[in-house]
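Peer 1: Sharing a structure, written as structure tokens. Questions coming.
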Amino acid sequence: MPFILDDCGGYDVDLNRFFRTCPTMGVRSSNSLRAYARDLLVWMRFLCERRGSKPIWQADREDVAAYHAARRRSAPVHRISAASWNRAVAALEKFYGWAIEEELIAASPFGSSTTWRRVRGGRLTPVRTVRAREAGARRGDLRFVGLDHFFAFRDVGLRGRQLDGCEDAAWSGRHGERNALFAELLVTTGLRLEEAASLLIVELPVADRIRSAPRSIPFRLPASIAKGGRSREIRLPARLLHRLADFVAIERANALTNFRDVNSGSIVVGDGPTRGTIGLADSTGQVRSVRLDVLSPTERRRLVTSSGEPMILWLNEAGRPMTSPAWAAVFRRASTRCRTLGIDLDVTPHALRHTFAVHMLSMLIREQIGAVLADGPPDEPGSAAYRRMIGDPLQKLQRLLGHASIASTYIYLDSLEESRALVEAAAERWGAAVNASTKDVS
């Protein structure tokens, strides 16, 4: 849980109480909390250095205008993107909205307007818009890689191989197979970094189920580690699960031999944990059954068995849990190695989530087109067949990615090669039609 101190080391109780309230307002991820804290800190520094040390509680719309000028109209090297500006405004507006409810301020300096939008059934619903946001901002960061680039990143960057696929004797990195396996988990499931890093070893499908699976196994991602607390079902490829079993039996087991002591912050689990529950001691020392799907990522990293072994799936060489910042550092080093060897790549864990989404949507649409054409082609864009052809793949992808709104999933349509080809073909046909009409007139 982040907290903010002023220049003199003072602790504003009301300001920091906001962070403790965030989980009740839908902000549960530790990454989101850190981002909110950074946005508030930058805003407070601006008010202090450029607006006469004005307290955050006394900011007004003129301060917001000056802040926008400093962040969006300054020199290019200091200017942030419209998307980054909107993300910061969203965090600050949530803070001021909470402050209004707590009667700490009378009104938000960012202001807002309300418009009415017609929804399904013809009913009108109010939509609140923050005036400080920029309407033309890009909707999301859609950095993704093609499969050929992913394989290069996996083999050259993470595994430390040469460009021809041979072993590189000069590579001094470690845990290449573990890192490559983690990257494959992200790119084949669309999991977020913290979701994949928070999996427990007891949650993996049992060996008998893996052997009997033809291609993939459904897995229910716990709500406590999913963004927004929304549980969802993903598909774990059987091939990947076989490799995970080998990793647990060999590399993870070797890492456990280096794990020496249980620190004071560990949560010791009673004997006999099942796939769905574990035994934890309460304040009286009595062991009670606790469901795994209520444990947060932080609590999961603290779980150890009665013999002192961590229960988290991914471990570092010291036998301790791999954190999200540690995984991000692994990806940065791998990207740097790729660029050093002439492969222009900058791959992040979230870019692999986008990679999964773009390629999965492409395959879902192709499968759906085949199913629709088997029933006959769609007559027009508004027909049921057309809606089935376009809507179903997006809804399937929305469920796989765990998006709260399908509007968040639409951004992947713009990245499909099929979409570009359709636009180019339509532009050519339109140009030909206009040209033919011109000839007819002349």
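Starting from 1 in every chain, residues are counted up; chains themselves are A, B, ... following the order of the structure tokens, and ligands are numbered from 1 as listed.
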Extract the full set of strand (DSSP E) residues from stretch 199-386 of chain A according to DSSP on the backbone, and format it as a list of chain:residue names.
Peer 2: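 Written out, the strand (DSSP E) residues of stretch 199-386 of chain A are A:Ser216, A:Ile217, A:Pro218, A:Phe219, A:Arg220, A:Leu221, A:Arg232, A:Glu233, A:Ile234, A:Arg235, A:Leu236, A:Pro237, A:Ile267, A:Val268, A:Thr277, A:Ile278, A:Gly279, A:Leu280, A:Ala281, A:Val287, A:Arg288, A:Ser289, A:Val290, A:Arg291, A:Leu303, A:Val304.
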Peer 1: Can you tell me which residues surround A:Asp246 at a distance of at most 12 Å, considering only C-alpha atoms, apart from same-chain residues fewer than 6 positions away, and format the answer as a list in words?
Peer 2: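 Selected residues are Glu177, Arg178, Leu181, Ala207, Arg239, Leu240, Arg252, Ala253 and Asn254 of chain A.
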Peer 1: Between A:Pro349, A:Gly10, A:Pro222, A:Gly319, which is the closest to A:Phe153 once you count only C-alpha atoms?
Peer 2: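 Among the listed residues, the smallest separation from A:Phe153 belongs to A:Pro349.
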Peer 1: Neighbouring residues of stretch 280-291 of chain A were defined as those with any atom within 8 Å, considering only C-alpha atoms; residues of the same chain fewer than 2 positions away were excluded. Please report them as a list in words.
Peer 2: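 Near stretch 280-291 of chain A, the qualifying residues are Ile267, Val268, Val269, Gly270, Gly276, Thr277, Ile278, Asp293, Val294 and Leu295 of chain A.
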Peer 1: Export N, CA, C and O atoms of the chosen residues as a CSV table (one decimal), in the first residue's frame?
Peer 2:
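As a result, again.csv now contains:
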chain,number,residue,atom,x,y,z
A,267,ILE,N,3.4,-16.8,5.6
A,267,ILE,CA,2.1,-17.4,6.0
A,267,ILE,C,2.3,-19.0,5.9
A,267,ILE,O,2.3,-19.5,4.8
A,268,VAL,N,2.4,-19.6,7.0
A,268,VAL,CA,2.6,-21.1,7.0
A,268,VAL,C,1.3,-21.8,6.8
A,268,VAL,O,0.3,-21.5,7.5
A,269,VAL,N,1.2,-22.7,5.9
A,269,VAL,CA,0.0,-23.5,5.5
A,269,VAL,C,0.1,-24.8,6.2
A,269,VAL,O,1.1,-25.5,6.3
A,270,GLY,N,-1.1,-25.2,6.8
A,270,GLY,CA,-1.2,-26.5,7.4
A,270,GLY,C,-1.0,-27.6,6.5
A,270,GLY,O,-1.0,-27.5,5.2
A,276,GLY,N,-8.3,-26.6,-4.0
A,276,GLY,CA,-9.2,-25.5,-3.8
A,276,GLY,C,-9.0,-24.7,-2.5
A,276,GLY,O,-9.5,-23.6,-2.4
A,277,THR,N,-8.5,-25.4,-1.5
A,277,THR,CA,-8.4,-24.7,-0.2
A,277,THR,C,-7.0,-25.0,0.4
A,277,THR,O,-6.3,-26.0,0.0
A,278,ILE,N,-6.7,-24.3,1.5
A,278,ILE,CA,-5.5,-24.5,2.3
A,278,ILE,C,-5.9,-24.3,3.7
A,278,ILE,O,-6.9,-23.7,4.0
A,293,ASP,N,-9.0,-19.0,-3.8
A,293,ASP,CA,-9.4,-17.9,-4.7
A,293,ASP,C,-9.8,-16.6,-4.0
A,293,ASP,O,-10.2,-15.6,-4.6
A,294,VAL,N,-9.5,-16.5,-2.7
A,294,VAL,CA,-9.7,-15.3,-1.9
A,294,VAL,C,-8.3,-14.7,-1.5
A,294,VAL,O,-8.3,-13.6,-1.0
A,295,LEU,N,-7.2,-15.3,-1.9
A,295,LEU,CA,-5.9,-14.9,-1.5
A,295,LEU,C,-5.4,-13.9,-2.5
A,295,LEU,O,-5.4,-14.2,-3.7
Peer 1: Mind the document's chain letters and residue numbers, and return as a ChimeraX atom specification the residues of stretch 66-306 of chain A that DSSP labels helix (DSSP H, G or I).
Peer 2: /A:66-72,82-101,147-158,176-189,193-197,201-203,207-212,227-229,238-256,292-294,297-302
Peer 1: Enter the distance from atom CA of A:Ile217 to atom CA of A:Leu401, in Å, rounded to one decimal.
Peer 2: 16.5 Å
Peer 1: Here is a test: counting only C-alpha atoms, which residue of A:Ala318, A:Ile201, A:Ile4, A:Val145 is nearest to A:Asn16?
Peer 2: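 Distance minimum relative to A:Asn16 lands on A:Ile4.
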Peer 1: Could you name the residues that touch A:Met25 at 10 Å or less, counting only C-alpha atoms, but leaving out those on the same chain fewer than 4 positions away, as number ranges by chain?
Peer 2: A: 21, 94, 98, 228
Peer 1: Could you write out the selected residues, including all heavy atoms, as a short mmCIF file (atom, residue, chain, number, x, y, z; two decimals), in the first residue's frame?
Peer 2:
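Below you can see again_37.cif, which holds the result:
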data_model
loop_
_atom_site.label_atom_id
_atom_site.label_comp_id
_atom_site.auth_asym_id
_atom_site.auth_seq_id
_atom_site.Cartn_x
_atom_site.Cartn_y
_atom_site.Cartn_z
N THR A 21 -8.74 3.28 0.76
CA THR A 21 -10.12 3.18 0.30
C THR A 21 -10.20 2.69 -1.14
O THR A 21 -11.25 2.21 -1.57
CB THR A 21 -10.81 4.55 0.42
OG1 THR A 21 -10.56 5.10 1.71
CG2 THR A 21 -12.31 4.44 0.24
N LYS A 94 -10.57 10.47 -9.72
CA LYS A 94 -11.06 9.50 -8.73
C LYS A 94 -10.73 9.98 -7.32
O LYS A 94 -11.53 9.84 -6.40
CB LYS A 94 -10.46 8.11 -8.99
CG LYS A 94 -11.00 7.03 -8.06
CD LYS A 94 -10.47 5.67 -8.44
CE LYS A 94 -11.14 5.14 -9.68
NZ LYS A 94 -12.54 4.75 -9.44
N TRP A 98 -13.58 11.04 -4.56
CA TRP A 98 -13.60 10.48 -3.20
C TRP A 98 -13.58 11.59 -2.15
O TRP A 98 -14.29 11.52 -1.15
CB TRP A 98 -12.40 9.56 -3.03
CG TRP A 98 -12.14 9.16 -1.61
CD1 TRP A 98 -12.74 8.15 -0.92
CD2 TRP A 98 -11.20 9.76 -0.70
NE1 TRP A 98 -12.24 8.07 0.37
CE2 TRP A 98 -11.29 9.06 0.53
CE3 TRP A 98 -10.30 10.81 -0.80
CZ2 TRP A 98 -10.51 9.38 1.63
CZ3 TRP A 98 -9.52 11.14 0.30
CH2 TRP A 98 -9.63 10.44 1.50
N GLY A 228 -9.66 -6.02 -11.47
CA GLY A 228 -11.04 -5.68 -11.19
C GLY A 228 -11.79 -6.73 -10.41
O GLY A 228 -13.01 -6.62 -10.22
#
Peer 1: What is the atom CA of A:Arg45 to atom CA of A:Arg17 distance in Å?
Peer 2: 19.2 Å
Peer 1: Please, what distance in Å, to one decimal, runs between atom CA of A:Leu186 and atom CA of A:Arg353?
Peer 2: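 If I compute the distance from atom CA of A:Leu186 to atom CA of A:Arg353, I get 6.2 Å.
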Peer 1: Hey, which of A:Glu93, A:Asp6, A:Asp39, A:Asp155 ends up closest to A:Ser335? Count only C-alpha atoms.
Peer 2: A:Asp155
Peer 1: Skipping near chain neighbours, those fewer than 2 positions away, what residues fall within 12 Å of A:Arg333 using only C-alpha atoms, listed as a list in words?
Peer 2: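 The neighbour list is Phe153, Arg154, Val156, Gly157, Leu158, Arg159, Gly160, Ser172, Gly173, Arg174, Gly176, Asn179, Ala326, Trp327, Ala328, Ala329, Val330, Phe331, Ser335, Thr336, Arg337, Cys338, Arg339, Thr340, Leu345, Asp346, Val347 and Thr348 of chain A.
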Peer 1: Return the single residue from A:Pro321, A:Pro23, A:Pro218, A:Gly111 that is closest to A:Leu199, with distances computed using only C-alpha atoms.
Peer 2: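 Of A:Pro321, A:Pro23, A:Pro218, A:Gly111, the one nearest A:Leu199 is A:Pro321, counting only C-alpha atoms.
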Peer 1: Show which residues sit within 12 Å of A:Leu147, as a list in words. Count only C-alpha atoms, and ignore same-chain residues fewer than 3 positions away.
Peer 2: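 Everything that qualifies: Phe144, Phe150, Phe151, Ala152, Phe153, Arg154, Glu184, Val187, Thr188, Leu352, Thr355, Phe356, Val358, His359 and Met360 of chain A.
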